[in-house]
>>> print(open('run-v8.cif').read())   # mmCIF, C-alpha atoms
data_data
loop_
_atom_site.label_atom_id
_atom_site.label_comp_id
_atom_site.auth_asym_id
_atom_site.auth_seq_id
_atom_site.Cartn_x
_atom_site.Cartn_y
_atom_site.Cartn_z
CA MET A 1 230.31 76.56 73.37
CA THR A 2 229.10 73.90 70.90
CA SER A 3 225.38 73.20 71.03
CA PHE A 4 223.72 69.84 70.42
CA GLN A 5 222.91 70.59 66.75
CA TYR A 6 226.62 70.99 65.88
CA LEU A 7 227.75 67.77 67.55
CA PRO A 8 228.92 64.99 65.25
CA ASN A 9 226.56 62.11 64.56
CA PHE A 10 228.29 59.92 67.15
CA GLY A 11 227.71 62.50 69.90
CA GLN A 12 224.07 62.99 68.96
CA MET A 13 223.50 59.19 68.97
CA PHE A 14 225.19 58.89 72.37
CA PHE A 15 222.92 61.48 73.97
CA GLY A 16 219.82 60.09 72.29
CA THR A 17 220.49 56.46 73.31
CA THR A 18 221.46 57.41 76.87
CA PHE A 19 218.32 59.47 77.43
CA VAL A 20 216.16 56.62 76.07
CA ILE A 21 217.64 54.33 78.71
CA LEU A 22 217.27 56.94 81.44
CA MET A 23 213.63 57.56 80.50
CA VAL A 24 212.83 53.81 80.69
CA ILE A 25 214.49 53.59 84.09
CA ALA A 26 212.62 56.69 85.24
CA LEU A 27 209.32 55.13 84.13
CA PHE A 28 210.17 51.95 86.05
CA LEU A 29 211.03 53.91 89.21
CA MET A 30 207.83 55.91 89.00
CA VAL A 31 205.72 52.76 88.73
CA ILE A 32 207.56 51.10 91.61
CA SER A 33 207.17 54.12 93.90
CA LEU A 34 203.43 54.17 93.19
CA THR A 35 203.16 50.40 93.74
CA TYR A 36 205.01 50.49 97.07
CA GLN A 37 202.96 53.52 98.08
CA MET A 38 206.04 55.47 99.10
CA GLU A 39 206.04 58.93 100.65
CA GLY A 40 204.76 61.78 98.51
CA LYS A 41 208.19 63.44 98.12
CA TYR A 42 209.68 60.28 96.63
CA ILE A 43 206.77 59.90 94.21
CA SER A 44 207.14 63.57 93.17
CA ILE A 45 210.88 63.13 92.51
CA THR A 46 210.38 60.01 90.38
CA VAL A 47 207.58 61.69 88.39
CA SER A 48 209.74 64.82 87.87
CA VAL A 49 212.74 62.74 86.73
CA PHE A 50 210.54 60.87 84.28
CA LEU A 51 209.02 64.08 82.85
CA LEU A 52 212.44 65.77 82.57
CA SER A 53 214.03 62.81 80.80
CA PHE A 54 210.97 62.50 78.55
CA MET A 55 211.08 66.20 77.52
CA ILE A 56 214.83 66.12 76.85
CA LEU A 57 214.52 62.93 74.82
CA GLN A 58 211.60 64.34 72.85
CA GLY A 59 213.55 67.51 72.20
CA LEU A 60 216.59 65.51 70.99
CA CYS A 61 214.42 63.53 68.62
CA ASP A 62 212.74 66.69 67.24
CA VAL A 63 216.10 68.40 66.72
CA MET A 64 217.50 65.41 64.83
CA LEU A 65 214.41 65.28 62.58
CA LEU A 66 214.56 69.05 62.09
CA LEU A 67 218.20 68.89 61.02
CA ASN A 68 217.28 66.23 58.46
CA ARG A 69 214.38 68.44 57.30
CA ARG A 70 211.89 65.73 58.19
CA TRP A 71 210.16 67.65 60.98
CA TYR A 72 209.09 71.13 61.87
CA ARG A 73 210.23 73.24 64.77
CA THR A 74 208.50 72.35 68.06
CA VAL A 75 208.58 73.57 71.66
CA PHE A 76 210.81 70.63 72.67
CA SER A 77 213.24 71.21 69.80
CA ALA A 78 213.40 74.93 70.65
CA LEU A 79 214.42 74.04 74.26
CA VAL A 80 217.16 71.62 73.26
CA ILE A 81 218.59 72.96 69.98
CA SER A 82 220.39 75.88 71.57
CA LEU A 83 221.56 74.04 74.74
CA PRO A 84 225.34 73.63 75.03
CA TRP A 85 226.31 69.94 74.98
CA ILE A 86 228.04 70.27 78.36
CA LEU A 87 224.77 71.40 79.99
CA LEU A 88 223.01 68.51 78.32
CA PHE A 89 225.65 66.20 79.76
CA LEU A 90 225.10 67.66 83.25
CA PHE A 91 221.35 66.92 82.92
CA LEU A 92 222.30 63.37 81.95
CA VAL A 93 224.57 62.95 85.00
CA LEU A 94 221.94 64.48 87.32
CA ILE A 95 219.16 62.19 86.08
CA ALA A 96 221.44 59.14 86.19
CA GLY A 97 222.51 60.01 89.74
CA VAL A 98 218.92 60.41 90.98
CA GLU A 99 217.87 57.16 89.30
CA GLY A 100 220.90 55.32 90.71
CA TYR A 101 220.02 56.49 94.22
CA PHE A 102 216.41 55.35 93.84
CA LEU A 103 217.47 51.98 92.41
CA TRP A 104 219.76 51.44 95.40
CA MET A 105 216.98 52.47 97.79
CA PHE A 106 214.44 50.10 96.15
CA TRP A 107 216.98 47.24 96.17
CA LYS A 108 217.65 47.77 99.87
CA LYS A 109 213.93 47.98 100.63
CA GLN A 110 213.25 44.80 98.68
CA LYS A 111 215.85 42.89 100.71
CA LYS A 112 214.01 43.83 103.89
CA GLN A 113 210.55 43.14 102.53
CA LEU A 114 209.00 39.66 102.41
CA THR A 115 207.52 39.08 98.98
CA ALA A 116 205.20 36.36 97.77
CA ASP A 117 208.01 34.76 95.77
CA ALA A 118 210.26 34.75 98.82
CA MET A 119 207.53 33.10 100.86
CA LYS A 120 206.93 30.45 98.21
CA GLU A 121 210.65 29.74 97.93
CA SER A 122 210.94 29.41 101.71
CA LEU A 123 207.97 27.04 101.91
CA ASP A 124 209.38 24.93 99.07
CA ASN A 125 212.61 24.47 101.04
CA LEU A 126 210.82 23.18 104.14
CA PRO A 127 211.24 19.45 104.91
CA ASP A 128 207.54 19.21 105.85
CA GLY A 129 204.61 19.22 103.44
CA ILE A 130 202.28 22.26 103.44
CA CYS A 131 199.05 22.79 101.54
CA PHE A 132 196.41 25.55 101.76
CA PHE A 133 193.21 25.24 99.78
CA SER A 134 189.81 26.91 99.71
CA SER A 135 186.56 25.35 100.88
CA ASP A 136 185.81 24.15 97.33
CA GLY A 137 189.19 22.38 97.11
CA GLN A 138 191.04 24.98 95.00
CA PRO A 139 194.75 24.83 95.94
CA LEU A 140 196.01 28.22 97.12
CA LEU A 141 199.54 27.25 98.11
CA VAL A 142 201.25 23.86 97.84
CA ASN A 143 204.95 23.41 98.50
CA LEU A 144 207.22 20.94 96.71
CA GLN A 145 207.30 18.44 99.57
CA MET A 146 203.51 18.11 99.68
CA ASN A 147 203.35 17.62 95.90
CA ARG A 148 206.08 14.98 96.16
CA LEU A 149 204.10 13.19 98.87
CA SER A 150 200.95 13.33 96.77
CA GLY A 151 202.85 11.77 93.86
CA GLU A 152 204.23 9.02 96.11
CA LEU A 153 200.85 8.23 97.70
CA PHE A 154 198.43 8.79 94.80
CA ASP A 155 200.67 9.02 91.69
CA ALA A 156 199.47 12.60 91.02
CA GLU A 157 200.02 16.15 92.22
CA ILE A 158 197.42 17.97 94.30
CA LEU A 159 194.78 19.36 91.95
CA ASN A 160 191.93 19.40 94.45
CA GLY A 161 192.59 19.74 98.18
CA ASN A 162 189.28 18.21 99.23
CA GLN A 163 189.90 15.10 97.12
CA PHE A 164 193.42 14.74 98.48
CA LEU A 165 192.16 14.98 102.07
CA HIS A 166 189.29 12.58 101.31
CA HIS A 167 191.68 9.97 99.88
CA LEU A 168 193.86 10.29 102.99
CA GLU A 169 190.93 9.87 105.39
CA LYS A 170 189.60 6.86 103.46
CA GLU A 171 193.14 5.43 103.18
CA GLU A 172 192.82 5.09 99.42
CA LEU A 173 196.57 4.78 98.83
CA ASN A 174 198.46 3.27 95.92
CA GLY A 175 199.76 0.39 98.03
CA ARG A 176 203.33 1.59 98.47
CA ALA A 177 202.64 3.24 101.83
CA GLN A 178 201.78 1.58 105.14
CA ILE A 179 199.30 2.95 107.69
CA ILE A 180 200.84 3.07 111.17
CA ARG A 181 198.16 4.91 113.14
CA ARG A 182 194.72 6.33 112.35
CA LYS A 183 193.88 8.36 115.46
CA PRO A 184 194.20 11.05 116.70
CA ASN A 185 196.09 11.93 113.49
CA LEU A 186 196.83 9.78 110.47
CA MET A 187 200.38 8.44 110.50
CA LEU A 188 201.85 6.46 107.62
CA GLN A 189 205.21 5.19 106.40
CA THR A 190 206.25 5.67 102.79
CA GLU A 191 208.33 3.32 100.67
CA ASP A 192 211.59 5.03 101.68
CA GLN A 193 210.80 4.28 105.40
CA THR A 194 209.98 7.93 106.15
CA VAL A 195 207.13 8.36 108.64
CA TRP A 196 204.64 11.20 108.07
CA GLU A 197 201.92 12.54 110.36
CA PHE A 198 199.09 14.59 108.77
CA HIS A 199 197.26 17.46 110.52
CA SER A 200 194.39 19.49 109.07
CA LYS A 201 192.40 22.44 110.39
CA GLU A 202 190.13 25.20 109.06
CA LEU A 203 191.17 28.86 109.11
CA LEU A 204 189.00 31.96 108.61
CA LEU A 205 190.61 34.45 106.24
CA ASN A 206 188.65 37.55 105.15
CA ASP A 207 185.32 35.77 105.80
CA ASN A 208 186.52 32.85 103.68
CA VAL A 209 187.29 29.36 104.96
CA VAL A 210 190.77 28.13 104.15
CA VAL A 211 191.88 24.57 105.00
CA GLU A 212 195.45 24.05 106.22
CA LEU A 213 196.95 20.59 105.68
CA ILE A 214 200.42 19.84 107.05
CA ALA A 215 202.50 16.67 106.76
CA ASN A 216 205.23 16.46 109.43
CA ASP A 217 208.27 14.23 109.09
CA VAL A 218 208.22 12.32 112.42
CA THR A 219 210.59 9.50 111.45
CA GLU A 220 213.05 10.23 114.26
CA GLN A 221 210.32 10.57 116.89
CA TYR A 222 208.68 7.35 115.66
CA GLN A 223 211.97 5.43 115.86
CA MET A 224 212.61 6.81 119.36
CA ALA A 225 209.09 5.80 120.44
CA ARG A 226 209.67 2.27 119.14
CA GLU A 227 213.01 2.08 120.93
CA LEU A 228 211.37 3.34 124.12
CA GLU A 229 208.61 0.74 123.76
CA LYS A 230 211.23 -1.97 123.27
CA ARG A 231 213.08 -0.82 126.38
CA ASN A 232 209.84 -0.74 128.35
CA ARG A 233 209.15 -4.35 127.36
CA SER A 234 212.65 -5.27 128.46
CA LEU A 235 212.17 -3.43 131.76
CA ASN A 236 208.84 -5.19 132.30
CA GLN A 237 210.58 -8.51 131.76
CA ILE A 238 213.29 -7.51 134.24
CA ASN A 239 210.61 -6.43 136.72
CA ARG A 240 208.89 -9.80 136.40
CA GLN A 241 212.21 -11.54 136.99
CA LEU A 242 212.87 -9.30 140.00
CA ARG A 243 209.45 -10.16 141.42
CA ILE A 244 210.18 -13.86 140.96
CA TYR A 245 213.58 -13.34 142.56
CA SER A 246 211.99 -11.43 145.47
CA ASP A 247 209.45 -14.22 145.99
CA GLU A 248 212.27 -16.76 145.93
CA VAL A 249 214.27 -14.73 148.48
CA ASN A 250 211.21 -14.54 150.72
CA ARG A 251 210.69 -18.29 150.38
CA ILE A 252 214.32 -19.05 151.20
CA THR A 253 214.21 -16.62 154.12
CA ARG A 254 211.11 -18.33 155.50
CA GLU A 255 212.72 -21.74 155.05
CA GLN A 256 215.87 -20.48 156.77
CA GLU A 257 213.84 -19.15 159.69
CA ILE A 258 211.98 -22.44 159.94
CA LEU A 259 215.28 -24.33 159.82
CA ASN A 260 216.76 -22.14 162.56
CA ALA A 261 213.67 -22.69 164.67
CA LYS A 262 213.91 -26.45 164.14
CA ILE A 263 217.58 -26.38 165.14
CA ARG A 264 216.79 -24.46 168.31
CA ILE A 265 213.95 -26.81 169.17
CA HIS A 266 216.17 -29.80 168.42
CA ASP A 267 218.84 -28.42 170.72
CA ASP A 268 216.34 -27.68 173.48
CA VAL A 269 214.74 -31.11 173.24
CA GLY A 270 218.20 -32.69 173.19
CA ARG A 271 219.18 -30.77 176.29
CA SER A 272 215.96 -31.88 178.00
CA LEU A 273 216.61 -35.54 177.15
CA LEU A 274 220.20 -35.30 178.32
CA ALA A 275 219.08 -33.62 181.55
CA ALA A 276 216.52 -36.37 182.09
CA ARG A 277 219.18 -39.03 181.47
CA SER A 278 221.54 -37.32 183.88
CA TYR A 279 218.74 -37.02 186.44
CA LEU A 280 217.97 -40.74 186.25
CA ALA A 281 221.67 -41.65 186.47
CA LYS A 282 222.10 -39.84 189.81
CA PRO A 283 221.36 -41.47 193.16
CA LYS A 284 217.82 -40.82 194.28
CA GLU A 285 218.85 -38.63 197.20
CA GLU A 286 220.88 -36.28 194.83
CA ARG A 287 218.15 -35.73 192.28
CA GLU A 288 216.68 -32.21 191.88
CA ARG A 289 213.27 -32.41 190.26
CA GLU A 290 212.33 -28.71 190.00
CA PRO A 291 214.99 -27.63 187.43
CA LEU A 292 214.18 -30.67 185.32
CA LEU A 293 210.44 -29.95 185.41
CA LEU A 294 210.99 -26.32 184.41
CA LEU A 295 213.18 -27.41 181.49
CA TRP A 296 210.59 -29.92 180.27
CA LYS A 297 207.73 -27.42 180.63
CA TYR A 298 209.65 -25.00 178.41
CA THR A 299 210.41 -27.77 175.87
CA ILE A 300 206.76 -28.88 175.76
CA SER A 301 205.64 -25.26 175.24
CA LEU A 302 208.02 -25.07 172.28
CA LEU A 303 206.56 -28.23 170.76
CA LYS A 304 203.04 -26.86 171.29
CA LYS A 305 204.18 -23.52 169.70
CA GLU A 306 203.31 -21.67 172.91
CA ALA A 307 206.83 -20.32 173.27
CA ASP A 308 209.11 -18.56 170.78
CA PRO A 309 212.26 -20.56 170.03
CA GLY A 310 213.84 -17.38 168.77
CA GLN A 311 213.66 -15.48 172.04
CA LYS A 312 217.07 -14.09 172.84
CA THR A 313 218.71 -14.75 176.16
CA GLY A 314 222.38 -14.86 176.98
CA ASN A 315 223.80 -17.60 174.73
CA TRP A 316 226.71 -18.39 177.02
CA GLU A 317 224.54 -18.37 180.15
CA MET A 318 222.04 -20.73 178.55
CA LEU A 319 224.90 -22.95 177.43
CA GLN A 320 226.36 -23.07 180.93
CA LYS A 321 223.00 -23.99 182.45
CA ALA A 322 222.51 -26.75 179.87
CA ALA A 323 226.04 -28.07 180.58
CA GLU A 324 225.38 -28.08 184.31
CA ALA A 325 222.12 -29.96 183.73
CA VAL A 326 223.97 -32.81 182.00
CA ASN A 327 227.13 -32.68 184.19
CA VAL A 328 229.38 -31.47 181.36
CA THR A 329 232.21 -28.99 181.82
CA ILE A 330 233.15 -26.67 178.94
CA HIS A 331 236.80 -25.60 178.69
CA LEU A 332 237.28 -22.39 176.68
CA ASN A 333 240.73 -21.05 175.69
CA HIS A 334 239.48 -17.78 174.11
CA PRO A 335 236.40 -15.55 174.58
CA LEU A 336 233.63 -16.08 172.05
CA PRO A 337 233.46 -13.57 169.12
CA GLU A 338 231.35 -10.48 169.78
CA ALA A 339 229.68 -10.68 166.34
CA GLU A 340 226.24 -12.21 166.83
CA LYS A 341 226.36 -14.51 163.81
CA GLN A 342 229.72 -16.11 164.68
CA ASN A 343 228.78 -16.27 168.36
CA ASN A 344 225.54 -18.12 167.62
CA LEU A 345 227.26 -20.57 165.28
CA ILE A 346 229.94 -21.47 167.82
CA VAL A 347 227.34 -21.88 170.60
CA ALA A 348 225.25 -24.12 168.30
CA ALA A 349 228.37 -26.22 167.60
CA ILE A 350 229.08 -26.52 171.36
CA TYR A 351 225.49 -27.64 171.97
CA GLU A 352 225.82 -30.31 169.30
CA CYS A 353 229.19 -31.55 170.56
CA MET A 354 227.95 -31.53 174.17
CA THR A 355 224.90 -33.57 173.17
CA ASN A 356 226.99 -36.10 171.25
CA THR A 357 229.54 -36.27 174.12
CA VAL A 358 226.90 -37.29 176.64
CA LYS A 359 224.82 -39.41 174.25
CA HIS A 360 227.47 -41.35 172.32
CA ALA A 361 230.86 -40.91 174.03
CA ASP A 362 229.92 -41.02 177.74
CA GLY A 363 232.13 -38.00 178.31
CA THR A 364 231.95 -35.11 180.76
CA GLU A 365 234.44 -32.63 179.27
CA VAL A 366 234.16 -30.52 176.10
CA TYR A 367 237.26 -28.63 174.93
CA LEU A 368 236.85 -25.52 172.78
CA ASN A 369 239.96 -24.13 171.01
CA ILE A 370 239.38 -20.75 169.28
CA GLN A 371 242.04 -19.04 167.15
CA GLU A 372 241.52 -15.56 165.71
CA GLU A 373 243.14 -14.93 162.33
CA SER A 374 243.09 -11.88 160.06
CA THR A 375 239.85 -12.69 158.27
CA THR A 376 238.50 -15.84 159.94
CA TRP A 377 237.80 -17.59 163.22
CA MET A 378 239.25 -21.12 163.50
CA VAL A 379 237.28 -23.28 165.99
CA GLN A 380 238.10 -26.85 167.15
CA LEU A 381 235.80 -28.89 169.40
CA THR A 382 236.87 -32.16 171.14
CA ASN A 383 235.79 -34.16 174.22
CA ASP A 384 237.12 -36.62 176.76
CA GLY A 385 234.68 -39.36 175.81
CA ASN A 386 235.27 -42.63 174.08
CA PRO A 387 236.60 -42.40 170.50
CA PRO A 388 234.11 -43.30 167.74
CA THR A 389 234.14 -46.96 166.72
CA GLN A 390 233.28 -45.98 163.15
CA THR A 391 233.17 -42.94 160.92
CA VAL A 392 230.78 -40.34 162.28
CA LYS A 393 227.80 -39.80 159.95
CA GLU A 394 226.27 -36.37 159.62
CA THR A 395 222.65 -36.86 160.56
CA GLY A 396 220.20 -34.79 162.54
CA GLY A 397 221.96 -32.04 164.45
CA LEU A 398 225.31 -32.26 162.65
CA SER A 399 223.61 -32.05 159.25
CA ASN A 400 221.61 -29.00 160.32
CA LEU A 401 224.73 -27.41 161.78
CA ARG A 402 226.60 -27.83 158.47
CA ARG A 403 223.76 -26.15 156.58
CA VAL A 404 223.77 -23.15 158.90
CA VAL A 405 227.57 -22.81 158.83
CA GLU A 406 227.82 -23.00 155.03
CA ALA A 407 224.89 -20.57 154.66
CA ALA A 408 226.97 -18.10 156.71
CA GLY A 409 229.93 -18.53 154.34
CA GLY A 410 231.93 -20.85 156.58
CA THR A 411 233.22 -24.40 156.29
CA MET A 412 232.80 -27.43 158.58
CA THR A 413 234.88 -30.63 158.80
CA ILE A 414 234.56 -33.69 161.06
CA GLU A 415 237.35 -36.11 162.06
CA SER A 416 236.63 -39.51 163.59
CA VAL A 417 240.24 -40.82 164.04
CA PRO A 418 242.05 -40.90 166.41
CA ARG A 419 239.19 -39.21 168.27
CA PHE A 420 236.19 -37.09 167.44
CA MET A 421 236.94 -33.47 166.42
CA LEU A 422 234.67 -30.85 164.92
CA GLN A 423 236.39 -27.98 163.05
CA LEU A 424 234.77 -24.71 161.92
CA GLU A 425 236.22 -21.93 159.80
CA LEU A 426 234.00 -18.85 160.06
CA PRO A 427 234.49 -15.53 158.22
CA LYS A 428 234.78 -12.49 160.46
CA GLY A 429 231.87 -10.11 160.82
CA GLU A 430 232.06 -6.29 160.64
CA SER A 431 232.19 -5.98 164.42
CA ASP A 432 235.24 -8.24 164.52
CA GLU A 433 237.34 -6.09 162.16
#
>>> encode(input="run-v8.cif", output="C-alpha cells")
Amino acid sequence: MTSFQYLPNFGQMFFGTTFVILMVIALFLMVISLTYQMEGKYISITVSVFLLSFMILQGLCDVMLLLNRRWYRTVFSALVISLPWILLFLFLVLIAGVEGYFLWMFWKKQKKQLTADAMKESLDNLPDGICFFSSDGQPLLVNLQMNRLSGELFDAEILNGNQFLHHLEKEELNGRAQIIRRKPNLMLQTEDQTVWEFHSKELLLNDNVVVELIANDVTEQYQMARELEKRNRSLNQINRQLRIYSDEVNRITREQEILNAKIRIHDDVGRSLLAARSYLAKPKEEREREPLLLLWKYTISLLKKEADPGQKTGNWEMLQKAAEAVNVTIHLNHPLPEAEKQNNLIVAAIYECMTNTVKHADGTEVYLNIQEESTTWMVQLTNDGNPPTQTVKETGGLSNLRRVVEAAGGTMTIESVPRFMLQLELPKGESDE
C-alpha cells in the first residue's frame, strides 16, 4: 500500500493543509474546554486530539522537508514516512469526527448559557433606560435607551453616573424636557411627549457599592391618570349638581307639604264657617251647639298649631259629617277610587264644591259623576244651586285644588255656563290597575 512519501504533490498538500486546519480547531477546543471548566474527561480528549494532530502535522512537515533534502530525519518523520496513506486518512477522519462532536456540543452549550454579550444585547432592546455605575461614577453598564435619554436631556451620553444623577436631581436640563413631578420620584416629559419616571438605589456587590438608575416609560399610566383625574372632576361636578338637585327636591317637598297643610286648614276653616252659617240660619229651637263647638275647637287648635292637619281619618266619613253640618247632600254614582292619591283629590274637590255651593249658590245638593276608563278617572261635580252670574275665577280653594291636581299629573277644567261644573281627569294609580 502506498505510503505518504510516494503520494503525488497534490495528495501531500491535501493532507498537510487538512491537518493544519484540524490542529487549529483542536487548539481552539482545548482552550474552550479549559475556559468553561468542563469535566476532566472532556479536557483530556481535547488535549489528546490536539497533541495527536500536532504530532501528525509535524511529521508531515518533516517528511516533506526530508524528501526535498532540506531537513534531517526526526522522530516525527520516522512515525509518518512509512504510514500508508489510507491509515493517515483514517486518522484525519477520526480527528475531524471528534472535533465536529465537540464543536456541536460547545454550540449547544452556548445556546443554553447566558453570556455577557447576550445580556448586553437584551438590555439594549429594553424600552426602559438602565444604568449601573460605581460609587465614583464610572459607568459599568448603560443600555441604548438610557444613552438616548441622556442625549435628549443633556446633549451628551453618560460618561459619569454621579454627574448624570446630580443633573437630574438639580433639574439642570437642556430646556426641551418638562418636569411633571419631583417627589417621590422625578417624572418628566420629553419633547416627543413620552413621560419618564426615574428610580435610583444603591446595591452592594462584592463589598462594592453599585448605583442602579432606571428610567421607566410611564406614558400610558400618566395619560390614564390624567383621564381618571378629568373624570373625577366631572363626577365631582355631577355630585355638586345632584346635591343642589336634592336640596331643591327637599325644598319643593317641604313647600308641597306646607301647601297641603294649608289646603286642609282652609277646608276645615271653610267647613267651620259653613257650619256656623247653617247653625245661625236654623230656628233657635233646632240649633245644636255641641257639634259646632267641637268643630270650632278643632279648627282653632289647627290655627294655633296644636293639632296635626295631616292626621288621617276616614275621608268619606269626615266628608259626610261636614256635609251634614252644612245641610248638604252628596249624590255619588260610583264608589271612590281605592288609590289614596286619587281618593284624596276627589274628596278635596267635593269639599271645595260643597263650600262654594253653600257660600255662593245657596244650594243643598252636590252631584258627583265618576267614570272609570282604562288609564284615567273622569270626575264631574255639579250642584243644584243658582248658576253663576259671571265667569268663575280661580281664587283661594279652587286655585290650590288646581295646583294639587296638576302636581299629581291630572287636569282640571271649570265651566260657568249654563251652570257651574268642575271636571277632573286623574291618572290611575297602581292599586287601580
>>> closest_residue(input="run-v8.cif", among="A:Trp377, A:Ser150, A:Val326, A:Ala407", to="A:Thr253", atoms="all atoms listed in the file")
A:Ala407
>>> resolve_selection(input="run-v8.cif", expression="the PyMOL selection byres ((chain A and resi 210) around 9)", output="ChimeraX atom specification")
/A:132-135,140,201-205,208-209,211-212
>>> resolve_selection(input="run-v8.cif", expression="the PyMOL selection byres ((chain A and resi 358-360) around 12)", output="compact mmCIF listing (two decimals) with C-alpha atoms, in the coordinates of the input")
# COMPACT_ATOMS: atom_id res chain seq x y z
CA GLY A 270 218.20 -32.69 173.19
CA ARG A 271 219.18 -30.77 176.29
CA LEU A 273 216.61 -35.54 177.15
CA LEU A 274 220.20 -35.30 178.32
CA ALA A 275 219.08 -33.62 181.55
CA ALA A 276 216.52 -36.37 182.09
CA ARG A 277 219.18 -39.03 181.47
CA SER A 278 221.54 -37.32 183.88
CA ALA A 281 221.67 -41.65 186.47
CA ALA A 322 222.51 -26.75 179.87
CA ALA A 323 226.04 -28.07 180.58
CA ALA A 325 222.12 -29.96 183.73
CA VAL A 326 223.97 -32.81 182.00
CA ASN A 327 227.13 -32.68 184.19
CA VAL A 328 229.38 -31.47 181.36
CA THR A 329 232.21 -28.99 181.82
CA TYR A 351 225.49 -27.64 171.97
CA GLU A 352 225.82 -30.31 169.30
CA CYS A 353 229.19 -31.55 170.56
CA MET A 354 227.95 -31.53 174.17
CA THR A 355 224.90 -33.57 173.17
CA ASN A 356 226.99 -36.10 171.25
CA THR A 357 229.54 -36.27 174.12
CA ALA A 361 230.86 -40.91 174.03
CA ASP A 362 229.92 -41.02 177.74
CA GLY A 363 232.13 -38.00 178.31
CA THR A 364 231.95 -35.11 180.76
CA GLU A 365 234.44 -32.63 179.27
CA VAL A 366 234.16 -30.52 176.10
CA ASN A 383 235.79 -34.16 174.22
CA ASP A 384 237.12 -36.62 176.76
CA GLY A 385 234.68 -39.36 175.81
CA ASN A 386 235.27 -42.63 174.08
CA PRO A 387 236.60 -42.40 170.50
CA PRO A 388 234.11 -43.30 167.74
CA THR A 389 234.14 -46.96 166.72
CA GLN A 390 233.28 -45.98 163.15
CA VAL A 392 230.78 -40.34 162.28
CA PHE A 420 236.19 -37.09 167.44
>>> resolve_selection(input="run-v8.cif", expression="the PyMOL selection byres ((chain A and resi 149) around 12)", output="number ranges by chain")
A: 127-131, 142-148, 150-158, 164, 168, 173-174, 176-177, 188-192, 194-198, 214-217
>>> atom_distance(input="run-v8.cif", atom1="atom CA of A:Gln371", atom2="atom CA of A:Glu425")
9.8 Å
>>> axis_aligned_box(input="run-v8.cif", around="stretch 225-236 of chain A", padding_each_side="8 Å", output="AutoDock Vina command-line options")
--center_x 210.8 --center_y 0.3 --center_z 125.7 --size_x 20.5 --size_y 27.1 --size_z 29.2
>>> atom_distance(input="run-v8.cif", atom1="atom CA of A:Phe106", atom2="atom CA of A:Phe19")
21.3 Å
>>> closest_residue(input="run-v8.cif", among="A:Val404, A:Leu242, A:Leu123, A:Ile32", to="A:Lys341", atoms="only C-alpha atoms")
A:Val404
>>> residues_around(input="run-v8.cif", residues="A:Leu422", least_positions_apart="3", cutoff="8 Å", atoms="all atoms listed in the file", output="PyMOL selection string")
chain A and resi 353+380-382+412-415
>>> closest_residue(input="run-v8.cif", among="A:Arg403, A:Thr376, A:Gly97, A:Gly137", to="A:Ile25", atoms="only C-alpha atoms")
A:Gly97
